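Undergrad: So here's query-v5.cif, just mmCIF, C-alpha atoms:
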data_run
loop_
_atom_site.label_atom_id
_atom_site.label_comp_id
_atom_site.auth_asym_id
_atom_site.auth_seq_id
_atom_site.Cartn_x
_atom_site.Cartn_y
_atom_site.Cartn_z
CA MET A 1 0.00 0.00 0.00
CA ALA A 2 1.40 3.40 -1.02
CA VAL A 3 0.51 6.72 0.64
CA SER A 4 1.34 10.08 -0.90
CA VAL A 5 2.98 12.43 1.61
CA GLY A 6 4.32 15.95 1.34
CA ILE A 7 6.48 18.29 3.41
CA VAL A 8 5.78 22.00 3.21
CA GLN A 9 9.12 23.70 3.91
CA PHE A 10 7.66 26.96 5.16
CA SER A 11 8.91 30.48 5.95
CA PRO A 12 6.47 32.19 8.34
CA ASP A 13 6.36 35.93 8.95
CA LYS A 14 7.50 36.36 12.54
CA GLY A 15 4.63 37.21 14.87
CA LYS A 16 1.99 37.32 12.10
CA LEU A 17 -0.36 34.57 13.23
CA GLU A 18 -3.33 35.35 11.00
CA SER A 19 -1.40 35.90 7.77
CA ASN A 20 0.66 32.77 8.39
CA LEU A 21 -2.55 30.80 8.85
CA ASP A 22 -3.79 32.25 5.54
CA ARG A 23 -0.71 30.85 3.80
CA ILE A 24 -0.85 27.51 5.63
CA ALA A 25 -4.48 27.11 4.50
CA GLU A 26 -3.45 27.88 0.91
CA HIS A 27 -0.79 25.17 1.10
CA LEU A 28 -3.31 22.69 2.52
CA ILE A 29 -5.68 23.43 -0.36
CA GLN A 30 -2.81 22.96 -2.84
CA CYS A 31 -1.79 19.66 -1.21
CA SER A 32 -5.39 18.47 -1.36
CA GLU A 33 -5.59 19.37 -5.05
CA GLU A 34 -2.41 17.37 -5.67
CA LYS A 35 -3.95 14.39 -3.81
CA ILE A 36 -1.35 14.42 -1.05
CA GLN A 37 -2.77 12.31 1.77
CA LEU A 38 -0.51 13.59 4.57
CA ALA A 39 1.16 17.02 4.70
CA VAL A 40 3.75 18.05 7.30
CA PHE A 41 4.62 21.62 8.26
CA PRO A 42 7.62 22.71 10.37
CA GLU A 43 7.95 23.67 14.01
CA THR A 44 6.23 26.97 14.96
CA SER A 45 4.87 27.47 11.44
CA THR A 46 2.02 29.66 12.68
CA THR A 47 4.21 32.39 14.19
CA GLY A 48 7.90 31.87 13.63
CA TYR A 49 10.25 30.45 16.24
CA PHE A 50 12.13 33.23 18.11
CA LEU A 51 9.21 34.86 19.91
CA GLU A 52 10.58 34.80 23.47
CA GLY A 53 7.98 36.58 25.66
CA GLY A 54 5.78 37.10 22.61
CA VAL A 55 4.50 33.54 22.94
CA VAL A 56 2.02 34.81 25.53
CA GLU A 57 0.16 36.87 22.92
CA LEU A 58 0.48 34.44 20.01
CA ALA A 59 -0.07 31.00 21.57
CA ILE A 60 -3.49 29.47 20.86
CA THR A 61 -5.41 26.34 21.81
CA ALA A 62 -5.71 23.35 19.50
CA ASP A 63 -9.42 24.14 19.11
CA GLN A 64 -8.63 27.70 18.06
CA LEU A 65 -6.07 26.41 15.57
CA THR A 66 -8.49 24.01 13.92
CA GLN A 67 -11.31 26.56 13.82
CA LYS A 68 -9.10 29.25 12.26
CA LEU A 69 -7.99 26.80 9.57
CA GLN A 70 -11.54 25.51 9.07
CA ASP A 71 -12.75 29.04 8.40
CA ARG A 72 -10.04 29.48 5.76
CA ILE A 73 -10.50 26.20 3.87
CA GLU A 74 -14.30 26.04 4.01
CA GLY A 75 -15.62 24.92 0.63
CA LYS A 76 -12.16 24.98 -0.97
CA MET A 77 -10.64 21.58 -0.21
CA LYS A 78 -10.81 18.86 -2.85
CA GLY A 79 -10.77 15.88 -0.54
CA PRO A 80 -9.69 14.38 2.78
CA ILE A 81 -6.17 15.06 4.05
CA GLU A 82 -4.17 14.62 7.25
CA PHE A 83 -1.60 17.15 8.36
CA ALA A 84 0.87 17.89 11.14
CA LEU A 85 1.61 21.48 12.07
CA GLY A 86 3.93 23.16 14.59
CA PHE A 87 2.51 25.96 16.76
CA TYR A 88 2.74 27.55 20.20
CA GLU A 89 -0.06 25.97 22.22
CA VAL A 90 -2.05 27.09 25.26
CA LEU A 91 -2.97 23.99 27.26
CA ASN A 92 -4.19 23.80 30.88
CA GLY A 93 -2.87 27.26 31.62
CA ASN A 94 0.63 26.59 30.26
CA ILE A 95 2.30 27.44 26.96
CA TYR A 96 4.06 24.74 24.95
CA ASN A 97 6.02 24.39 21.74
CA SER A 98 3.66 21.87 20.20
CA ALA A 99 2.72 19.98 17.07
CA ALA A 100 -0.88 19.22 16.17
CA PHE A 101 -1.92 16.21 14.13
CA CYS A 102 -5.17 16.96 12.32
CA ARG A 103 -7.49 15.22 9.89
CA PHE A 104 -9.81 16.88 7.37
CA ASN A 105 -12.54 14.34 6.61
CA GLY A 106 -14.00 16.16 3.62
CA SER A 107 -16.06 18.61 5.64
CA ARG A 108 -14.44 19.38 9.01
CA ILE A 109 -10.94 19.57 10.47
CA GLN A 110 -10.45 17.54 13.64
CA CYS A 111 -7.34 17.71 15.83
CA LEU A 112 -6.60 14.10 16.74
CA LYS A 113 -3.75 14.86 19.12
CA THR A 114 -1.20 17.50 20.10
CA TYR A 115 2.34 16.75 21.17
CA GLN A 116 4.31 19.02 23.49
CA LYS A 117 8.07 19.25 22.88
CA PHE A 118 10.01 17.24 25.45
CA PHE A 119 13.57 18.56 25.14
CA LEU A 120 13.74 22.37 25.21
CA PRO A 121 17.13 23.75 24.06
CA THR A 122 18.36 26.56 26.29
CA TYR A 123 21.93 27.23 25.18
CA GLY A 124 23.67 29.20 22.45
CA VAL A 125 21.00 30.98 20.40
CA PHE A 126 18.20 29.02 22.09
CA ASP A 127 16.17 30.08 25.14
CA GLU A 128 13.09 27.87 25.07
CA ASP A 129 13.03 26.75 28.68
CA ARG A 130 12.49 30.34 29.81
CA PHE A 131 9.32 30.85 27.79
CA VAL A 132 7.51 27.53 27.33
CA SER A 133 6.79 24.50 29.49
CA LYS A 134 8.28 21.04 28.98
CA GLY A 135 6.21 18.24 27.57
CA THR A 136 6.08 15.01 29.57
CA GLU A 137 4.58 12.37 27.26
CA LEU A 138 5.25 10.48 24.05
CA CYS A 139 2.79 10.87 21.19
CA VAL A 140 2.05 7.83 19.02
CA LEU A 141 -1.23 7.68 17.07
CA ASP A 142 -2.88 5.87 14.18
CA THR A 143 -2.56 7.71 10.86
CA SER A 144 -2.73 6.98 7.14
CA ILE A 145 0.94 5.92 7.27
CA GLY A 146 0.46 3.58 10.23
CA LYS A 147 1.43 4.07 13.87
CA THR A 148 3.09 7.48 13.80
CA SER A 149 4.99 9.40 16.44
CA LEU A 150 5.42 13.16 16.71
CA MET A 151 8.70 14.63 17.92
CA ILE A 152 9.99 18.19 17.60
CA CYS A 153 13.51 19.26 16.62
CA GLU A 154 15.88 18.61 19.55
CA ASP A 155 13.85 15.59 20.63
CA VAL A 156 15.55 13.56 17.89
CA TRP A 157 19.04 14.73 18.91
CA HIS A 158 18.62 12.53 22.00
CA SER A 159 18.85 9.02 20.57
CA VAL A 160 16.83 7.52 23.41
CA PHE A 161 13.72 9.45 22.36
CA PRO A 162 13.19 7.97 18.87
CA THR A 163 13.96 4.60 20.47
CA LEU A 164 11.20 5.08 23.03
CA ASN A 165 8.76 6.00 20.27
CA ALA A 166 9.74 2.92 18.25
CA VAL A 167 9.25 0.66 21.27
CA ALA A 168 5.86 2.33 21.79
CA GLY A 169 4.87 1.08 18.34
CA ALA A 170 5.76 3.84 15.89
CA THR A 171 6.50 2.72 12.33
CA ALA A 172 6.73 6.31 11.09
CA MET A 173 8.11 9.43 12.76
CA ILE A 174 7.11 13.01 11.97
CA ILE A 175 9.66 15.63 13.01
CA PRO A 176 8.70 19.30 12.68
CA SER A 177 11.84 21.38 13.22
CA ALA A 178 13.17 24.94 13.28
CA SER A 179 16.94 24.75 13.06
CA PRO A 180 19.00 27.94 12.62
CA ALA A 181 22.02 27.37 10.44
CA ARG A 182 25.17 26.98 12.55
CA GLY A 183 28.65 25.64 11.98
CA PHE A 184 30.38 27.03 8.88
CA ARG A 185 33.90 25.64 9.21
CA SER A 186 33.56 23.83 5.89
CA GLU A 187 31.57 24.29 2.70
CA HIS A 188 28.63 22.52 4.37
CA ILE A 189 26.29 23.71 7.14
CA GLU A 190 27.18 21.51 10.07
CA ASN A 191 23.80 21.25 11.79
CA HIS A 192 22.18 20.42 8.43
CA GLU A 193 24.69 17.60 7.96
CA ARG A 194 23.92 16.42 11.48
CA TYR A 195 20.20 16.22 10.67
CA GLN A 196 20.96 14.27 7.51
CA ARG A 197 22.89 11.72 9.56
CA LEU A 198 20.34 11.62 12.38
CA VAL A 199 17.27 11.08 10.25
CA ARG A 200 18.85 8.35 8.15
CA ALA A 201 20.16 6.61 11.27
CA ILE A 202 16.77 6.73 13.00
CA SER A 203 15.09 5.20 9.96
CA GLU A 204 17.69 2.49 9.53
CA GLU A 205 18.01 1.51 13.19
CA HIS A 206 14.29 1.28 13.90
CA GLY A 207 12.88 0.36 10.48
CA VAL A 208 10.66 3.45 10.29
CA PHE A 209 9.77 6.16 7.82
CA THR A 210 10.97 9.59 8.92
CA LEU A 211 9.50 12.89 7.74
CA LEU A 212 11.61 15.89 8.74
CA ALA A 213 9.93 19.26 8.07
CA GLN A 214 12.30 22.21 8.47
CA LEU A 215 11.50 25.90 8.85
CA VAL A 216 13.18 28.39 6.50
CA GLY A 217 13.47 32.18 6.46
CA HIS A 218 15.22 34.71 8.68
CA GLU A 219 14.42 35.97 12.17
CA GLY A 220 16.62 38.53 13.92
CA GLY A 221 19.64 37.79 11.78
CA LYS A 222 19.32 34.01 12.14
CA GLY A 223 18.65 31.94 9.03
CA PHE A 224 16.75 28.67 9.25
CA VAL A 225 18.45 25.98 7.27
CA GLY A 226 15.70 24.05 5.46
CA GLY A 227 16.81 20.81 3.86
CA SER A 228 13.66 18.88 4.83
CA MET A 229 13.77 15.21 3.97
CA ILE A 230 11.85 11.95 3.83
CA CYS A 231 13.60 8.63 4.49
CA ASP A 232 12.44 5.06 4.10
CA PRO A 233 12.84 2.28 6.71
CA LEU A 234 16.14 1.19 5.13
CA GLY A 235 17.64 4.61 5.82
CA ARG A 236 17.51 5.76 2.21
CA VAL A 237 16.64 9.36 1.42
CA LEU A 238 13.56 9.38 -0.81
CA VAL A 239 13.50 13.13 -1.35
CA GLU A 240 15.27 16.18 0.09
CA ALA A 241 14.36 19.86 -0.09
CA PRO A 242 16.85 22.60 -0.97
CA VAL A 243 18.57 24.63 1.72
CA GLY A 244 17.27 28.07 2.64
CA VAL A 245 14.19 28.43 0.40
CA GLU A 246 10.53 27.50 0.59
CA ALA A 247 9.60 24.26 -1.14
CA ILE A 248 7.10 21.41 -1.18
CA ILE A 249 8.58 17.94 -1.52
CA THR A 250 6.54 14.77 -2.02
CA ALA A 251 7.06 11.02 -1.92
CA ASP A 252 4.95 7.87 -2.12
CA LEU A 253 5.53 5.70 0.95
CA ASP A 254 5.26 1.95 0.42
CA LEU A 255 4.07 0.85 3.85
CA GLU A 256 5.11 -2.75 3.13
CA MET A 257 8.70 -1.56 3.47
CA VAL A 258 8.49 -1.55 7.28
CA PRO A 259 8.21 -5.32 7.83
CA ILE A 260 10.78 -5.93 5.08
CA ALA A 261 13.30 -3.58 6.69
CA ARG A 262 12.70 -5.00 10.15
CA ALA A 263 13.12 -8.55 8.89
CA GLN A 264 16.46 -7.67 7.28
CA THR A 265 17.73 -5.84 10.38
CA PRO A 266 15.69 -6.94 13.41
CA LEU A 267 17.12 -4.40 15.83
CA ILE A 268 13.73 -3.21 17.09
CA SER A 269 12.70 -6.81 17.76
CA ASP A 270 15.93 -7.40 19.71
CA LEU A 271 15.33 -4.20 21.67
CA GLN A 272 11.74 -5.12 22.55
CA GLY A 273 12.92 -8.56 23.69
CA SER A 274 15.43 -7.00 26.07
CA TRP A 275 13.25 -4.12 27.21
CA HIS A 276 12.55 -5.28 30.76
CA ASN A 277 16.23 -5.91 31.42
CA LEU A 278 17.07 -2.47 30.07
CA LEU A 279 14.49 -0.94 32.41
CA LYS A 280 16.15 -2.71 35.35
CA ILE A 281 19.50 -1.21 34.32
CA ALA A 282 17.95 2.24 33.93
CA ASN A 283 16.38 2.02 37.39
CA ARG A 284 19.74 1.09 38.93
CA ILE A 285 21.34 4.12 37.24
CA ASP A 286 18.58 6.34 38.63
#
Could you render the structure from this file as structure tokens?
TA:
Amino acid sequence: MAVSVGIVQFSPDKGKLESNLDRIAEHLIQCSEEKIQLAVFPETSTTGYFLEGGVVELAITADQLTQKLQDRIEGKMKGPIEFALGFYEVLNGNIYNSAAFCRFNGSRIQCLKTYQKFFLPTYGVFDEDRFVSKGTELCVLDTSIGKTSLMICEDVWHSVFPTLNAVAGATAMIIPSASPARGFRSEHIENHERYQRLVRAISEEHGVFTLLAQLVGHEGGKGFVGGSMICDPLGRVLVEAPVGVEAIITADLDLEMVPIARAQTPLISDLQGSWHNLLKIANRID
């Protein structure tokens, strides 16, 4: 079974919630017209990333997000579509850097789940822990591409986190990200190269599809790198977006690749078989 997926490598206007939602809705309509079944947008697509204290004014609830998009796509969508979208979320009185997974069923948009970013970078150019709350849970849900986990940016830099999602049943991993370009000691952007290695390694080790959606554009002198990519469960790059510019990339995912990849390299099976012993070791470390 093949599923058509797309990544919208997006450049939001910083702090312009309503106009960014206008453009996101336009992209959703375009993806629907092109019969893309699942579209993925980057981290903080609704507002831009470096808001600092501005998150208080620009964070919204998941219900507000879906209603604002519903108002914009009403009568314009060509068919059902799922999508994942990064935004600053108000939830239970706290503000989070979140990703929403939504489904348009042909008439209404429903938010199936939101995921709150677990690892908040607070070093170098980053200051997230000062302005948003930490997430505390994994997010694995049923989607058109199978059991799918949501992680955000730095979450995947901690190798244990994709592993936990794989053990929880994920056969695909969606990764909205906003990564400012850093490391220019060679002709290549070092953090972009790191993402290329990370995403391929996650796919290959766990036998999962990975969909990395990167922000682009400039905020306060910082340029977001782009280079979004989709990898198959063998760790092969199916498609990669250019660096530094907006783009939509698409691929057809053959879902039968997951059991084939896991049969060839049964690392996830080995891990699941040793899980209780690993938990004992982890508890002794704690």
Undergrad: Which is closer to Val90 (chain A) than all the others in A:Phe104, A:Val132, A:Thr66, A:His27, using all atoms listed in the file?
TA: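 The answer is A:Val132, which sits nearest to Val90 (chain A).
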Undergrad: For the file shown, report as an MDAnalysis selection string the outcome of the PyMOL selection byres ((chain A and resi 49-63) around 7) at residue level.
TA: chainID A and resid 17 44 47:48 64:67 88:91 95 111 131 178 219
Undergrad: Any chance you could resolve the PyMOL selection byres ((chain A and resi 129) around 12) against this file and give the residues as an NGL selection string?
TA: :A and (52-53 or 95-97 or 117-123 or 126-128 or 130-135)
Undergrad: For those residues, write C-alpha atoms to a file as a PDB file, in the coordinates of the input.
TA:
ATOM      1  CA  GLU A  52      10.580  34.800  23.470  1.00  0.00           C
ATOM      2  CA  GLY A  53       7.980  36.580  25.660  1.00  0.00           C
ATOM      3  CA  ILE A  95       2.300  27.440  26.960  1.00  0.00           C
ATOM      4  CA  TYR A  96       4.060  24.740  24.950  1.00  0.00           C
ATOM      5  CA  ASN A  97       6.020  24.390  21.740  1.00  0.00           C
ATOM      6  CA  LYS A 117       8.070  19.250  22.880  1.00  0.00           C
ATOM      7  CA  PHE A 118      10.010  17.240  25.450  1.00  0.00           C
ATOM      8  CA  PHE A 119      13.570  18.560  25.140  1.00  0.00           C
ATOM      9  CA  LEU A 120      13.740  22.370  25.210  1.00  0.00           C
ATOM     10  CA  PRO A 121      17.130  23.750  24.060  1.00  0.00           C
ATOM     11  CA  THR A 122      18.360  26.560  26.290  1.00  0.00           C
ATOM     12  CA  TYR A 123      21.930  27.230  25.180  1.00  0.00           C
ATOM     13  CA  PHE A 126      18.200  29.020  22.090  1.00  0.00           C
ATOM     14  CA  ASP A 127      16.170  30.080  25.140  1.00  0.00           C
ATOM     15  CA  GLU A 128      13.090  27.870  25.070  1.00  0.00           C
ATOM     16  CA  ARG A 130      12.490  30.340  29.810  1.00  0.00           C
ATOM     17  CA  PHE A 131       9.320  30.850  27.790  1.00  0.00           C
ATOM     18  CA  VAL A 132       7.510  27.530  27.330  1.00  0.00           C
ATOM     19  CA  SER A 133       6.790  24.500  29.490  1.00  0.00           C
ATOM     20  CA  LYS A 134       8.280  21.040  28.980  1.00  0.00           C
ATOM     21  CA  GLY A 135       6.210  18.240  27.570  1.00  0.00           C
TER      22      GLY A 135
END
Undergrad: If you count only C-alpha atoms, which residues fall within 9 Å of Gly244 (chain A), apart from same-chain ones fewer than 3 positions away, as a list in words?
TA: Leu215, Val216, Gly217, Gly223, Phe224, Val225, Gly226 and Gly227 of chain A
Undergrad: Apply the PyMOL selection byres ((chain A and resi 228-242) around 9) to the displayed file and report the matching residues as an MDAnalysis selection string.
TA: chainID A and resid 6:9 171:172 177 196 199:215 225:227 243:254 257:262 265
Undergrad: If you count only C-alpha atoms, which residues fall within 9 Å of Leu138 (chain A), apart from same-chain ones fewer than 5 positions away, as a ChimeraX atom specification?
TA: /A:115-116,118,149-151,161,164-165,168
Undergrad: Output, as lines of an AutoDock Vina configuration file, the centre and edge lengths in Å (one decimal) of the axis-aligned box that contains all listed atoms of region 2-11 of chain A with 4 Å of margin on each side.
TA:
center_x = 4.8
center_y = 16.9
center_z = 2.5
size_x = 16.6
size_y = 35.1
size_z = 15.0
Undergrad: So what do you get for CA of Leu278 (chain A) versus CA of Thr114 (chain A), distance-wise?
TA: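 CA of Thr114 (chain A) lies at a distance of 28.8 Å from CA of Leu278 (chain A).
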Undergrad: Using all atoms listed in the file, which of the listed residues (A:Lys68, A:Pro12, A:Gly106, A:Ala100) sits closest to Ser32 (chain A)?
TA: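 Comparing A:Lys68, A:Pro12, A:Gly106, A:Ala100 against Ser32 (chain A), the winner is A:Gly106.
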Undergrad: Find, counting all atoms listed in the file, the residue in A:Pro80, A:Arg108, A:Glu74, A:Leu21 that gets nearest to Glu33 (chain A).
TA: A:Pro80
Undergrad: How many Å separate CA of Glu34 (chain A) from CA of Gly79 (chain A)?
TA: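 Distance reported for this atom pair: 9.9 Å.
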Undergrad: Would you compute the distance between CA of Val160 (chain A) and CA of Phe87 (chain A)? Give it in Å to one decimal.
TA: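 Interatomic distance here is 24.3 Å.
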Undergrad: Which polymer residues, whether protein, DNA or RNA, lie within 9 Å of the coordinate (-11.9, 25.6, 4.5) when you count only C-alpha atoms? List them as a ChimeraX atom specification, using the chain letters and numbers from the file.
TA: /A:25,29,69-77,107-109
Undergrad: Return the single residue from A:Val167, A:Cys31, A:Ala99, A:Ile189 that is closest to Ile152 (chain A), with distances computed using all atoms listed in the file.
TA: A:Ala99
Undergrad: From the set A:Asn20, A:Thr143, A:Thr136, A:Gln264, which residue has the shortest atom-to-atom contact distance to Leu112 (chain A), counting all atoms listed in the file?
TA: A:Thr143
